[in-house]
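For reference, the structure is listed below as structure tokens.
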Amino acid sequence: MKIKSKIEGSDDWLFIEEIPELYSPNTPLSEKNVNIKSLPAQKLVNYQLSAGGLFLVHSTMQFSEHVKVLSEIEGEAITSQFIFYGTNPSNEKSSDIPAQKSSEAKSKSSDKEGRRTGSRHNIRYIPSIKGKYPMMSGIEYKYFLLVLSKQYYFHLIDQHSLLHSDFVREILKGRYTSYAAKDLPVTTEMKRVINDICECKRSGELKRLHTESKILELLMLQLEQMQSGMAEVDKYMIKQDDLKKIEHARNILDAEYTYPPTIIELAKQITLNEFKLKRGFKEYFGTTIYGYVTRLRMEEARRLILDEKKSIGQVAAAVGFNHQSHLTDAFKRYFGILPSEIKSDEEHALALNK
């Protein structure tokens with residue numbers, strides 16, 4: 001399977017990759033960052049990740065004039081595509097509205113600065129294709145694209161699963177098809193999973209496992225929304241003003257997780273009622289506030305033990321536990337091992353990867 005893409009008239013490839021058709025769990029991940037600085041690209045950054053049967057690209061792009069992006073896939077592929085866009089009204093002309101107006105209109109919103117924003121996603125089967133896609137000036141596009149071989153896709157979701165029986169029927173006939181008749185708006189949970197994939201700090205085998213698990217979670221969220229239909233979409237969405245406050249709450253917890261504010265105190269700081277804070281935080285980040293703080297504490301405790309060789313008592317004080325035994329109990333619940341055992345566990349994992 002070969003995939004490639006570039007701006008029409010440009011010599012620089014956004015990406016050009018030969019991806020093995022076979023799913024291979026032993027294939028190491030390959031990562032690449034591409035930053036193209038040339039007119040008419042005001043902003044063009046690509047993060048790419050590939051392995052056996054998998055290609056992932058996360059792009060941010062904006063142009064000073066209308067351009068066309070040339071894309072080509074040779075071989076059968078299942079794609080999961082997410083598109084986010086935003087415009088500034090002062091730069092936008094009526095002719096600058098993207099061609100997919102009908103589907104995007106359903107997901108348009110406005111933030112406090114008055115920018116028009118939107119998002120959409122779908123899952124498609126593509127039996128080789130060439131295409132030109134218009135990119136309008138003054139619009140910042142963010143693309144998150146998964147390209148999976150048939151074998152990789154069926155490794156994640158069994159071919160005979162009732163979740164996608166109609167979709168699979170078209171795949172087996174070799175017909176280009178979309179899982180959903182119309183693109184749907186991206187939910188906050190999907191955004192969280194995409195962020196988890198792009199911001200993962202793990203490496204090697206751990207990163208491969210993390211990436212695969214998140215891809216499966218992302219596909220599950222897409223299938224769930226597509227099966228529930230557009231009538232259910234609103235329940236996944238958080239108002240833009242509330243979303244900013246929830247992200248502010250996350251930033252506060254990131255800075256103060258050692259001795260975090262109570263939910264009542266946090267709600268007052270971000271001027272959002274407790275119910276919306278708790279529900280919105282869980283919906284957007286996929287965990288409770290308590291669960292998020294616990295994760296921050298445990299990951300920092302693990303780092304202090306492994307990287308800085310701190311004693312258990314020192315670590316307990318550093319991450320906000322009054323007693324060493326409290327840290328030990330929390331660590332065992334979170335990681336499944338005692339803090340004193342983590343070094344040998346890491347060494348064992350490294351030995352398996354050699």
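Within each chain, counting starts at residue 1; across the structure tokens, chains are named A, B, ... in the order shown, with ligands numbered 1 upward in that order.
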
If you count only C-alpha atoms, which residues fall within 9 Å of His326 in chain A, apart from same-chain ones fewer than 5 positions away, as a PyMOL selection string?
chain A and resi 316+321+331

Please identify all polymer residues within 8 Å of range 211-220 of chain A, counting only C-alpha atoms, omitting same-chain residues fewer than 3 positions from it, and present them as a short mmCIF file (atom, residue, chain, number, x, y, z; two decimals) with N, CA and C atoms, in the first residue's frame.
```
data_model
loop_
_atom_site.label_atom_id
_atom_site.label_comp_id
_atom_site.auth_asym_id
_atom_site.auth_seq_id
_atom_site.Cartn_x
_atom_site.Cartn_y
_atom_site.Cartn_z
N SER A 80 -9.67 6.52 8.55
CA SER A 80 -10.46 7.21 9.57
C SER A 80 -9.94 8.64 9.58
N LEU A 156 -8.17 -5.23 14.41
CA LEU A 156 -8.77 -4.41 15.47
C LEU A 156 -10.24 -4.75 15.67
N MET A 190 -13.61 12.04 21.27
CA MET A 190 -12.72 11.76 20.15
C MET A 190 -11.51 12.69 20.17
N VAL A 193 -8.98 11.47 22.69
CA VAL A 193 -8.20 10.31 22.25
C VAL A 193 -7.15 10.73 21.23
N ILE A 194 -7.52 11.63 20.31
CA ILE A 194 -6.55 12.14 19.33
C ILE A 194 -5.39 12.83 20.04
N ASP A 196 -4.38 12.22 23.08
CA ASP A 196 -3.61 11.17 23.75
C ASP A 196 -2.61 10.53 22.79
N ILE A 197 -3.04 10.29 21.56
CA ILE A 197 -2.15 9.69 20.57
C ILE A 197 -1.00 10.63 20.22
N LYS A 207 4.99 2.50 23.31
CA LYS A 207 4.29 3.46 22.46
C LYS A 207 3.45 2.74 21.41
N ARG A 208 3.97 1.64 20.87
CA ARG A 208 3.19 0.90 19.88
C ARG A 208 1.90 0.37 20.50
N LEU A 223 -17.81 4.41 15.66
CA LEU A 223 -18.88 3.46 15.38
C LEU A 223 -20.07 3.70 16.31
N GLU A 224 -19.77 3.99 17.56
CA GLU A 224 -20.84 4.24 18.54
C GLU A 224 -21.68 5.43 18.12
#
```

Contact residues around range 272-285 of chain A with only C-alpha atoms at 9 Å, ignoring same-chain residues under 3 positions, as a list in words:
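With the cut-off at 9 Å, the set is Thr187, Thr188, Glu189, Met190, Lys191, Arg192, Val193, Tyr236, Met237, Ile238, Asp242, Leu243, Lys245, Ile246, Glu247, Ala249, Arg250, Ile263, Ile264, Leu266, Ala267, Lys268, Gln269, Thr288, Ile289 and Tyr292 of chain A.
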
Output file for the residues above (C-alpha atoms, as a short mmCIF file (atom, residue, chain, number, x, y, z; two decimals), in the first residue's frame):
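File produced: again16.cif:
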```cif
data_model
loop_
_atom_site.label_atom_id
_atom_site.label_comp_id
_atom_site.auth_asym_id
_atom_site.auth_seq_id
_atom_site.Cartn_x
_atom_site.Cartn_y
_atom_site.Cartn_z
CA THR A 187 -17.06 14.71 19.81
CA THR A 188 -15.05 15.85 22.80
CA GLU A 189 -14.17 12.25 23.63
CA MET A 190 -12.72 11.76 20.15
CA LYS A 191 -10.65 14.94 20.55
CA ARG A 192 -9.30 13.59 23.83
CA VAL A 193 -8.20 10.31 22.25
CA TYR A 236 -21.66 14.41 23.31
CA MET A 237 -21.08 18.13 22.78
CA ILE A 238 -19.96 20.65 25.39
CA ASP A 242 -17.83 25.69 29.22
CA LEU A 243 -15.12 23.81 27.34
CA LYS A 245 -13.43 26.61 31.59
CA ILE A 246 -12.98 22.84 31.78
CA GLU A 247 -9.62 23.14 30.04
CA ALA A 249 -9.64 23.43 35.35
CA ARG A 250 -7.30 20.86 33.83
CA ILE A 263 -14.22 20.33 43.46
CA ILE A 264 -16.10 23.18 45.17
CA LEU A 266 -12.12 24.40 41.57
CA ALA A 267 -15.66 25.19 40.37
CA LYS A 268 -15.41 28.67 41.97
CA GLN A 269 -12.01 29.32 40.38
CA THR A 288 -13.08 11.90 36.72
CA ILE A 289 -11.25 14.79 38.36
CA TYR A 292 -7.00 12.64 36.61
#
```

So how far away is CA of Lys239 in chain A from CA of Thr294 in chain A, in Å?
26.7 Å

One decimal, Å: what's the distance from CA of Met226 in chain A over to CA of Tyr125 in chain A, could you say?
15.5 Å

Write out as a list in words the residues lying within 12 Å of Asp166 in chain A, counting only C-alpha atoms and excluding same-chain residues fewer than 5 positions away.
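Listed by chain and then number, they are Tyr125, Gln159, His160, Ser161, Ile171, Leu172, Lys173, Arg175, Thr177, Ser178, Tyr179, Ala180 and Gln227 of chain A.
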
Pull C-alpha atoms from the residues just selected and write them as a CSV table (one decimal), in the first residue's frame.
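Wrote it out as result_29.csv, contents follow:
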```csv
chain,number,residue,atom,x,y,z
A,125,TYR,CA,-13.0,2.1,2.5
A,159,GLN,CA,-14.5,-9.0,10.1
A,160,HIS,CA,-17.7,-10.8,11.2
A,161,SER,CA,-18.7,-8.3,13.9
A,171,ILE,CA,-15.3,-3.8,1.3
A,172,LEU,CA,-15.5,-7.4,0.2
A,173,LYS,CA,-17.0,-6.2,-3.1
A,175,ARG,CA,-16.5,-0.8,-3.7
A,177,THR,CA,-17.8,3.4,0.6
A,178,SER,CA,-18.2,5.5,3.7
A,179,TYR,CA,-19.5,4.0,6.9
A,180,ALA,CA,-21.8,7.0,7.5
A,227,GLN,CA,-24.9,3.8,15.1
```

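In this structure, CA of Arg303 in chain A sits 11.4 Å away from CA of Ala318 in chain A.
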
Who sits within 7 Å of Lys6 in chain A, only C-alpha atoms, same chain under 3 positions skipped, as a ChimeraX atom specification
/A:10,12-14,69-71

Could you check which of A:Pro261, A:Pro185, A:Gly9, A:Gly291 is closest to Ser38 in chain A, using only C-alpha atoms?
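Among the listed residues, the smallest separation from Ser38 in chain A belongs to A:Gly9.
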